[in-house]
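Worksheet: the structure to be examined is printed underneath.
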Amino acid sequence: MLLSILALPATVNAKSSNGYANAYIKQLERMDNNYDCDSYFIHDISGDGVPELFVITGECEMDYMLHIFTYRNGKVKKITTTGAGHSGYKKGNGCLICGWGHQGSEAYWKLYLKGGKLKSPSIKRSIWNNANYVDQYDIDDYSPLK
């Protein structure tokens, strides 16, 4: 499957002498051979000036997974894998702002690395309780019209 690029800043080529760019390319090739890869992006959430690699795998919103990697001591190291369905991401200063929403619920949190450990404090969570949802009917059910 062909990977699509969400964000690949120009700094990748400038920093390839640090090794992470080539190492991340090899990691993406390995992932693409073993997973149904959808896309990837990079962003520094550790504050060390080297971006982390985020790879989204899966075939649809229901099974998307986010694999997070960092580059340390000349090697790509996996941080974690977490669900990524119904999610969106925004670059923050030294963090990633994550958003999720589905069927009346939403949540927002930050992802960052501190001391080599992933932190994910919640920013906001809400649920539509007692929402005034519309009633939906099968296409051949005319009872509300009678």
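Just so we're on the same page: first chain in the structure tokens is A, next is B, and so on; residues restart at 1 for each chain, and ligands are numbered from 1 in the order they show up.
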Exercise: region 18-30 of chain A partners within 10 Å, only C-alpha atoms, chain neighbours under 4 positions left out, as JSON, numbers by chain:
{"A": [3, 11, 12, 13, 14, 34, 35, 37, 39, 40, 42, 50, 51, 52, 53, 54, 55, 69, 70, 71, 72, 73, 74, 75, 76, 77]}
Please, which residues of chain A, numbered as in this document, come out strand (DSSP E or B) from DSSP, as a PyMOL selection string?
chain A and resi 4-7+37-43+52-57+65-72+75-83+87-92+95-102+105-114+117-119+122-127
Just list as a list in words whatever in chain A DSSP marks as alpha helix (DSSP H).
Thr11, Val12, Asn13, Ala14, Lys15, Tyr20, Ala21, Asn22, Ala23, Tyr24, Ile25, Lys26, Gln27, Leu28, Glu29, Arg30, Met31, Asp32, Asn33 and Asn34 of chain A
Mind dumping the selected residues with N, CA and C atoms as a short mmCIF file (atom, residue, chain, number, x, y, z; two decimals), in the first residue's frame?
```
data_model
loop_
_atom_site.label_atom_id
_atom_site.label_comp_id
_atom_site.auth_asym_id
_atom_site.auth_seq_id
_atom_site.Cartn_x
_atom_site.Cartn_y
_atom_site.Cartn_z
N THR A 11 12.79 20.53 7.17
CA THR A 11 13.92 20.27 8.06
C THR A 11 14.39 18.82 8.01
N VAL A 12 13.59 17.92 7.47
CA VAL A 12 14.01 16.52 7.40
C VAL A 12 15.30 16.39 6.61
N ASN A 13 15.37 16.99 5.43
CA ASN A 13 16.58 16.89 4.63
C ASN A 13 17.76 17.55 5.33
N ALA A 14 17.52 18.68 5.98
CA ALA A 14 18.59 19.38 6.67
C ALA A 14 19.13 18.57 7.84
N LYS A 15 18.28 17.77 8.45
CA LYS A 15 18.71 17.02 9.62
C LYS A 15 19.05 15.57 9.31
N TYR A 20 18.07 10.54 11.73
CA TYR A 20 16.68 10.15 11.94
C TYR A 20 15.89 10.05 10.65
N ALA A 21 16.18 10.90 9.67
CA ALA A 21 15.40 10.88 8.43
C ALA A 21 15.54 9.54 7.73
N ASN A 22 16.76 9.06 7.53
CA ASN A 22 16.96 7.76 6.88
C ASN A 22 16.42 6.62 7.72
N ALA A 23 16.59 6.73 9.04
CA ALA A 23 16.07 5.69 9.93
C ALA A 23 14.54 5.64 9.88
N TYR A 24 13.89 6.81 9.83
CA TYR A 24 12.44 6.85 9.74
C TYR A 24 11.95 6.30 8.41
N ILE A 25 12.67 6.59 7.33
CA ILE A 25 12.30 6.04 6.02
C ILE A 25 12.34 4.52 6.07
N LYS A 26 13.39 3.95 6.66
CA LYS A 26 13.49 2.48 6.79
C LYS A 26 12.35 1.94 7.65
N GLN A 27 12.02 2.65 8.73
CA GLN A 27 10.91 2.21 9.58
C GLN A 27 9.59 2.23 8.81
N LEU A 28 9.37 3.28 8.02
CA LEU A 28 8.15 3.37 7.21
C LEU A 28 8.08 2.24 6.20
N GLU A 29 9.21 1.91 5.59
CA GLU A 29 9.24 0.78 4.62
C GLU A 29 8.91 -0.53 5.32
N ARG A 30 9.46 -0.75 6.53
CA ARG A 30 9.14 -1.97 7.29
C ARG A 30 7.66 -2.01 7.65
N MET A 31 7.14 -0.87 8.10
CA MET A 31 5.73 -0.81 8.47
C MET A 31 4.84 -1.09 7.27
N ASP A 32 5.19 -0.50 6.12
CA ASP A 32 4.36 -0.66 4.92
C ASP A 32 4.37 -2.11 4.44
N ASN A 33 5.43 -2.85 4.72
CA ASN A 33 5.49 -4.26 4.34
C ASN A 33 4.69 -5.15 5.28
N ASN A 34 4.44 -4.69 6.51
CA ASN A 34 3.80 -5.53 7.52
C ASN A 34 2.42 -5.08 7.96
#
```
Got a sec: who's within 10 Å of Ile45 (chain A), counting only C-alpha atoms, leaving out chain neighbours fewer than 6 positions off, as a list in words?
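Listed by chain and then number, they are Pro51, Glu52, Leu53, Thr70, Lys91, Gly92, Asn93, Gly94, Cys95, Leu96, Lys110, Leu111, Tyr112, Leu113, Lys114, Leu118 and Lys119 of chain A.
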So the first atom is CA of Gly85 (chain A) and the second is CA of Met65 (chain A); what is the distance between them in Å, to one decimal place?
7.0 Å
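Among the candidate residues A:Arg125, A:His102, A:His43, A:Lys117, the one lying nearest to Ile79 (chain A) is A:Lys117, with distances computed using only C-alpha atoms.
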